[in-house]
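A.B. asks: The structure follows.
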Amino acid sequence: MIQSIVKAVRIMSLFSSDEPTLTLAEISRRLDLPKSTAHNILNTLLAEGFIEKVDGDAYALGTSIIALTQGVRVNVELRDRAAPLIRELADLCRESVYLTVRDGDHVLYIYAVESSRRLLARSAVGDRAPLHCTSVGKSVLAALPLPEVRAIIARTGLPAFTPHTLTDLDALLADLDQTRQRGYAIDNQEHEVRTFCLGAPVLDHRGHVIGACSISGADREIIHRRLDDLAPQIIATAQDISRRMGYVPATPSRVAGAPRPQARPAKRRFAAGQEPPHD
């Protein structure tokens, strides 16, 4: 690790609502740093706006922190608006259901309702996954302009995670074209063996893709016998989440307004840090 960055992060982490201001001496003492080292780091943070001088010789967090938190705020807003719909879909399909956001050249899992049949005990929340071999990732790619897709692949390549991963660009582009036409993406063991997924994109108020949601499980019937039932459900859920984020489609969707079947009770595990439903 780069120690100067570690020290800078630790300095910023000292500030809290109980202690919004700290002096150089306090920072130096608490982190066991020489005053000269702490002073140099603080000056750098001052220049970038992450720290500001207040009350003479005291320091506080600066306004540049606010800009960084906007991305977190959007993710939290998306999670909170989508959570009831994710839970409803999980009860209905009795499989794991995930919500992700685009995180650069990856997707980040921010909410999950895990099926009791999921093989892994830990939650996927907090994990990052590639775009080219997951249903959520391919949903995102299919909603992006082709030049941006090519730029992403140029940066990341198409590494194989399983024997089923699409590692040929033309094959991937053909798959993305199918995804756009039908409204959902399929992951046929492309990221993990014995994992089958259906994903659909989530859009913001501008119509830009911000993430995706998916149905995932170890039963290959998800993408075969159950496909005709599950595909409209994942599309409808993604569209409902998009509407909650302010998206207004130019034309009525082919599944919008379709009545949702009555959900059946199902055993489920909520992702780490998530509360059971109160809505």
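The way I read the labels, and the way they are meant: chains A, B, ... in the order of the structure tokens, residue 1 as the first residue of every chain, and ligand 1 as the first ligand shown, with later ones counted on from there.
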Against range 180-186 of chain A, which residues of range 70-150 of chain A fall within 8 Å? For each one I want the closest pair of atoms and the distance in Å (one decimal), counting only C-alpha atoms, rows by chain and increasing residue number, as a Markdown table.

C.D. replies:
| residue | atom | partner | partner_atom | distance |
| --- | --- | --- | --- | --- |
| A:Thr134 | CA | A:Ile186 | CA | 7.7 |
| A:Ser135 | CA | A:Ala185 | CA | 5.0 |
| A:Val136 | CA | A:Ala185 | CA | 7.3 |
| A:Lys138 | CA | A:Ala185 | CA | 6.1 |
| A:Ser139 | CA | A:Ala185 | CA | 5.6 |
| A:Ala142 | CA | A:Arg180 | CA | 5.8 |
| A:Ala143 | CA | A:Arg180 | CA | 7.2 |

A.B. asks: List the neighbours of Ile152 in chain A out to 12 Å using only C-alpha atoms; skip same-chain residues closer than 5 positions along the sequence, and give me the result as a PyMOL selection string.

C.D. replies: chain A and resi 103-106+130-132+137+140-141+144-147+157-158+169

A.B. asks: Please save N, CA and C atoms of the selected residues as an mmCIF file, in the first residue's frame.

C.D. replies:
data_model
loop_
_atom_site.group_PDB
_atom_site.id
_atom_site.type_symbol
_atom_site.label_atom_id
_atom_site.label_comp_id
_atom_site.auth_asym_id
_atom_site.auth_seq_id
_atom_site.Cartn_x
_atom_site.Cartn_y
_atom_site.Cartn_z
ATOM 1 N N ASP A 103 -20.032 0.473 -11.874
ATOM 2 C CA ASP A 103 -18.888 1.002 -11.138
ATOM 3 C C ASP A 103 -17.687 0.991 -12.079
ATOM 4 N N GLY A 104 -17.618 2.026 -12.943
ATOM 5 C CA GLY A 104 -16.550 2.076 -13.927
ATOM 6 C C GLY A 104 -16.710 0.960 -14.937
ATOM 7 N N ASP A 105 -15.709 0.086 -15.019
ATOM 8 C CA ASP A 105 -15.740 -1.036 -15.956
ATOM 9 C C ASP A 105 -16.249 -2.313 -15.293
ATOM 10 N N HIS A 106 -16.957 -2.174 -14.188
ATOM 11 C CA HIS A 106 -17.512 -3.321 -13.471
ATOM 12 C C HIS A 106 -18.932 -2.996 -13.016
ATOM 13 N N PRO A 130 -17.305 -8.460 -13.447
ATOM 14 C CA PRO A 130 -17.047 -7.941 -14.791
ATOM 15 C C PRO A 130 -18.339 -7.710 -15.569
ATOM 16 N N LEU A 131 -18.238 -6.892 -16.607
ATOM 17 C CA LEU A 131 -19.412 -6.566 -17.409
ATOM 18 C C LEU A 131 -19.691 -7.615 -18.487
ATOM 19 N N HIS A 132 -18.651 -8.251 -19.019
ATOM 20 C CA HIS A 132 -18.838 -9.060 -20.222
ATOM 21 C C HIS A 132 -19.387 -10.457 -19.984
ATOM 22 N N GLY A 137 -24.001 -7.275 -15.925
ATOM 23 C CA GLY A 137 -22.985 -6.547 -16.686
ATOM 24 C C GLY A 137 -23.356 -6.430 -18.154
ATOM 25 N N VAL A 140 -25.943 -3.823 -18.723
ATOM 26 C CA VAL A 140 -25.356 -2.483 -18.760
ATOM 27 C C VAL A 140 -24.700 -2.230 -20.115
ATOM 28 N N LEU A 141 -23.880 -3.164 -20.565
ATOM 29 C CA LEU A 141 -23.180 -2.986 -21.839
ATOM 30 C C LEU A 141 -24.168 -2.795 -22.994
ATOM 31 N N LEU A 144 -25.334 0.731 -23.522
ATOM 32 C CA LEU A 144 -24.331 1.754 -23.787
ATOM 33 C C LEU A 144 -24.102 1.897 -25.292
ATOM 34 N N PRO A 145 -23.624 3.069 -25.720
ATOM 35 C CA PRO A 145 -23.259 3.226 -27.140
ATOM 36 C C PRO A 145 -22.130 2.267 -27.508
ATOM 37 N N LEU A 146 -22.136 1.795 -28.756
ATOM 38 C CA LEU A 146 -21.142 0.828 -29.197
ATOM 39 C C LEU A 146 -19.703 1.314 -29.003
ATOM 40 N N PRO A 147 -19.377 2.589 -29.308
ATOM 41 C CA PRO A 147 -17.993 3.038 -29.075
ATOM 42 C C PRO A 147 -17.570 2.910 -27.613
ATOM 43 N N GLY A 157 -10.308 -6.227 -21.635
ATOM 44 C CA GLY A 157 -10.180 -7.503 -22.318
ATOM 45 C C GLY A 157 -11.419 -8.354 -22.073
ATOM 46 N N LEU A 158 -11.352 -9.602 -22.498
ATOM 47 C CA LEU A 158 -12.461 -10.542 -22.300
ATOM 48 C C LEU A 158 -11.934 -11.805 -21.625
ATOM 49 N N LEU A 169 -14.876 -10.961 -29.274
ATOM 50 C CA LEU A 169 -15.602 -9.696 -29.297
ATOM 51 C C LEU A 169 -16.833 -9.769 -30.183
#

A.B. asks: If you count only C-alpha atoms, which residues fall within 10 Å of range 230-240 of chain A, apart from same-chain ones fewer than 2 positions away, as a PyMOL selection string?

C.D. replies: chain A and resi 81-82+85-86+88-89+92-93+97+99+182-186+198-203+211-215+222-228+242-249+253-261

A.B. asks: Leaving out range 67-72 of chain A and any residue of its chain fewer than 5 positions from it, which residues lie within 12 Å of it when counting only C-alpha atoms, given as an MDAnalysis selection string?

C.D. replies: chainID A and resid 49:50 62 77:79 101:104 108 110 210

A.B. asks: Save the residues we just selected, all heavy atoms, as an mmCIF file, in the first residue's frame?

C.D. replies:
data_model
loop_
_atom_site.group_PDB
_atom_site.id
_atom_site.type_symbol
_atom_site.label_atom_id
_atom_site.label_comp_id
_atom_site.auth_asym_id
_atom_site.auth_seq_id
_atom_site.Cartn_x
_atom_site.Cartn_y
_atom_site.Cartn_z
ATOM 1 N N GLY A 49 -8.936 20.583 -1.315
ATOM 2 C CA GLY A 49 -10.271 20.879 -0.806
ATOM 3 C C GLY A 49 -10.876 19.819 0.089
ATOM 4 O O GLY A 49 -12.053 19.924 0.465
ATOM 5 N N PHE A 50 -10.091 18.802 0.465
ATOM 6 C CA PHE A 50 -10.631 17.762 1.329
ATOM 7 C C PHE A 50 -10.522 18.122 2.807
ATOM 8 O O PHE A 50 -11.170 17.504 3.648
ATOM 9 C CB PHE A 50 -9.915 16.430 1.064
ATOM 10 C CG PHE A 50 -10.258 15.846 -0.277
ATOM 11 C CD1 PHE A 50 -9.395 15.988 -1.356
ATOM 12 C CD2 PHE A 50 -11.443 15.179 -0.476
ATOM 13 C CE1 PHE A 50 -9.713 15.469 -2.600
ATOM 14 C CE2 PHE A 50 -11.779 14.640 -1.715
ATOM 15 C CZ PHE A 50 -10.902 14.801 -2.780
ATOM 16 N N GLY A 62 -13.243 19.252 4.306
ATOM 17 C CA GLY A 62 -13.550 20.270 3.311
ATOM 18 C C GLY A 62 -14.700 19.895 2.399
ATOM 19 O O GLY A 62 -15.237 18.784 2.447
ATOM 20 N N GLU A 77 -29.935 5.856 -2.607
ATOM 21 C CA GLU A 77 -31.268 6.185 -3.094
ATOM 22 C C GLU A 77 -31.805 5.061 -3.976
ATOM 23 O O GLU A 77 -32.967 4.641 -3.827
ATOM 24 C CB GLU A 77 -31.214 7.500 -3.883
ATOM 25 C CG GLU A 77 -32.558 7.937 -4.446
ATOM 26 C CD GLU A 77 -32.446 9.208 -5.269
ATOM 27 O OE1 GLU A 77 -31.313 9.566 -5.676
ATOM 28 O OE2 GLU A 77 -33.488 9.829 -5.515
ATOM 29 N N LEU A 78 -30.982 4.563 -4.876
ATOM 30 C CA LEU A 78 -31.393 3.461 -5.743
ATOM 31 C C LEU A 78 -31.731 2.235 -4.921
ATOM 32 O O LEU A 78 -32.775 1.597 -5.123
ATOM 33 C CB LEU A 78 -30.284 3.153 -6.748
ATOM 34 C CG LEU A 78 -30.457 1.901 -7.609
ATOM 35 C CD1 LEU A 78 -31.725 1.998 -8.454
ATOM 36 C CD2 LEU A 78 -29.234 1.681 -8.493
ATOM 37 N N ARG A 79 -30.881 1.893 -3.982
ATOM 38 C CA ARG A 79 -31.121 0.707 -3.150
ATOM 39 C C ARG A 79 -32.436 0.828 -2.389
ATOM 40 O O ARG A 79 -33.251 -0.102 -2.364
ATOM 41 C CB ARG A 79 -29.968 0.524 -2.161
ATOM 42 C CG ARG A 79 -30.087 -0.724 -1.280
ATOM 43 C CD ARG A 79 -29.217 -0.590 -0.058
ATOM 44 N NE ARG A 79 -29.712 0.479 0.799
ATOM 45 C CZ ARG A 79 -29.006 1.019 1.790
ATOM 46 N NH1 ARG A 79 -27.768 0.622 2.010
ATOM 47 N NH2 ARG A 79 -29.522 1.973 2.540
ATOM 48 N N VAL A 101 -25.056 -1.549 -9.384
ATOM 49 C CA VAL A 101 -24.827 -0.275 -10.066
ATOM 50 C C VAL A 101 -23.568 -0.410 -10.911
ATOM 51 O O VAL A 101 -22.690 -1.223 -10.614
ATOM 52 C CB VAL A 101 -24.657 0.901 -9.075
ATOM 53 C CG1 VAL A 101 -25.954 1.166 -8.328
ATOM 54 C CG2 VAL A 101 -23.507 0.641 -8.098
ATOM 55 N N ARG A 102 -23.503 0.386 -11.950
ATOM 56 C CA ARG A 102 -22.274 0.413 -12.737
ATOM 57 C C ARG A 102 -21.194 1.089 -11.911
ATOM 58 O O ARG A 102 -21.402 2.145 -11.317
ATOM 59 C CB ARG A 102 -22.479 1.158 -14.057
ATOM 60 C CG ARG A 102 -21.217 1.139 -14.915
ATOM 61 C CD ARG A 102 -21.344 1.947 -16.175
ATOM 62 N NE ARG A 102 -20.062 1.991 -16.876
ATOM 63 C CZ ARG A 102 -19.825 2.735 -17.946
ATOM 64 N NH1 ARG A 102 -20.794 3.497 -18.442
ATOM 65 N NH2 ARG A 102 -18.631 2.720 -18.520
ATOM 66 N N ASP A 103 -20.032 0.473 -11.874
ATOM 67 C CA ASP A 103 -18.888 1.002 -11.138
ATOM 68 C C ASP A 103 -17.687 0.991 -12.079
ATOM 69 O O ASP A 103 -16.892 0.065 -12.076
ATOM 70 C CB ASP A 103 -18.629 0.149 -9.900
ATOM 71 C CG ASP A 103 -17.496 0.691 -9.038
ATOM 72 O OD1 ASP A 103 -17.235 1.902 -9.101
ATOM 73 O OD2 ASP A 103 -16.862 -0.107 -8.316
ATOM 74 N N GLY A 104 -17.618 2.026 -12.943
ATOM 75 C CA GLY A 104 -16.550 2.076 -13.927
ATOM 76 C C GLY A 104 -16.710 0.960 -14.937
ATOM 77 O O GLY A 104 -17.734 0.845 -15.610
ATOM 78 N N LEU A 108 -21.219 -3.251 -9.334
ATOM 79 C CA LEU A 108 -21.081 -3.396 -7.888
ATOM 80 C C LEU A 108 -22.431 -3.830 -7.324
ATOM 81 O O LEU A 108 -23.454 -3.194 -7.585
ATOM 82 C CB LEU A 108 -20.661 -2.066 -7.266
ATOM 83 C CG LEU A 108 -20.652 -1.989 -5.730
ATOM 84 C CD1 LEU A 108 -19.560 -2.892 -5.159
ATOM 85 C CD2 LEU A 108 -20.452 -0.547 -5.268
ATOM 86 N N ILE A 110 -25.157 -3.953 -4.693
ATOM 87 C CA ILE A 110 -25.496 -3.073 -3.570
ATOM 88 C C ILE A 110 -26.689 -3.580 -2.757
ATOM 89 O O ILE A 110 -26.943 -3.064 -1.668
ATOM 90 C CB ILE A 110 -25.770 -1.633 -4.044
ATOM 91 C CG1 ILE A 110 -26.974 -1.574 -4.982
ATOM 92 C CG2 ILE A 110 -24.525 -1.038 -4.682
ATOM 93 C CD1 ILE A 110 -27.403 -0.142 -5.310
ATOM 94 N N ILE A 210 -27.802 3.008 -15.247
ATOM 95 C CA ILE A 210 -27.051 3.212 -14.005
ATOM 96 C C ILE A 210 -26.760 1.897 -13.294
ATOM 97 O O ILE A 210 -25.979 1.867 -12.339
ATOM 98 C CB ILE A 210 -27.788 4.158 -13.043
ATOM 99 C CG1 ILE A 210 -29.220 3.650 -12.769
ATOM 100 C CG2 ILE A 210 -27.810 5.579 -13.587
ATOM 101 C CD1 ILE A 210 -29.964 4.462 -11.723
#

A.B. asks: Please give the complete set of residues from range 110-166 of chain A that DSSP, run on the backbone, assigns to helix (DSSP H, G or I), formatted as JSON, numbers by chain.

C.D. replies: {"A": [135, 136, 137, 138, 139, 140, 141, 142, 146, 147, 148, 149, 150, 151, 152, 153, 154, 155, 156]}

A.B. asks: Write the residues you've just listed into a file as a tab-separated table (two decimals), in the first residue's frame, and include C-alpha atoms for each of them.

C.D. replies:
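out-v5.tsv, written as the output of this step:
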chain	number	residue	atom	x	y	z
A	135	SER	CA	-26.28	-10.88	-16.82
A	136	VAL	CA	-26.20	-7.56	-14.94
A	137	GLY	CA	-22.99	-6.55	-16.69
A	138	LYS	CA	-24.23	-7.46	-20.15
A	139	SER	CA	-27.47	-5.57	-19.41
A	140	VAL	CA	-25.36	-2.48	-18.76
A	141	LEU	CA	-23.18	-2.99	-21.84
A	142	ALA	CA	-26.21	-3.48	-24.09
A	146	LEU	CA	-21.14	0.83	-29.20
A	147	PRO	CA	-17.99	3.04	-29.08
A	148	GLU	CA	-18.17	3.03	-25.27
A	149	VAL	CA	-18.58	-0.75	-25.23
A	150	ARG	CA	-15.51	-1.15	-27.44
A	151	ALA	CA	-13.53	1.24	-25.22
A	152	ILE	CA	-14.43	-0.76	-22.11
A	153	ILE	CA	-13.43	-4.06	-23.72
A	154	ALA	CA	-10.17	-2.48	-24.91
A	155	ARG	CA	-9.37	-1.66	-21.28
A	156	THR	CA	-10.54	-4.87	-19.62

A.B. asks: Determine the nearest neighbour of Asp175 in chain A from the options A:Asp187, A:Glu95, A:Glu114, A:Asp32, counting only C-alpha atoms.

C.D. replies: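 Closest residue, counting only C-alpha atoms: A:Asp187.
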
A.B. asks: May I have the residues within 7 Å of Ser96 in chain A as a VMD selection string, using only C-alpha atoms and disregarding those fewer than 4 positions away in the same chain?

C.D. replies: chain A and resid 90 113 to 115 215 to 217

A.B. asks: To one decimal place in Å, what is the distance between CA of Asp170 in chain A and CA of Asn188 in chain A?

C.D. replies: 17.6 Å

A.B. asks: Quick one: DSSP strand (DSSP E) residues in range 34-217 of chain A, as number ranges by chain?

C.D. replies: A: 51-54, 58-61, 96-103, 106-115, 128-130, 185-188, 196-203, 209-217
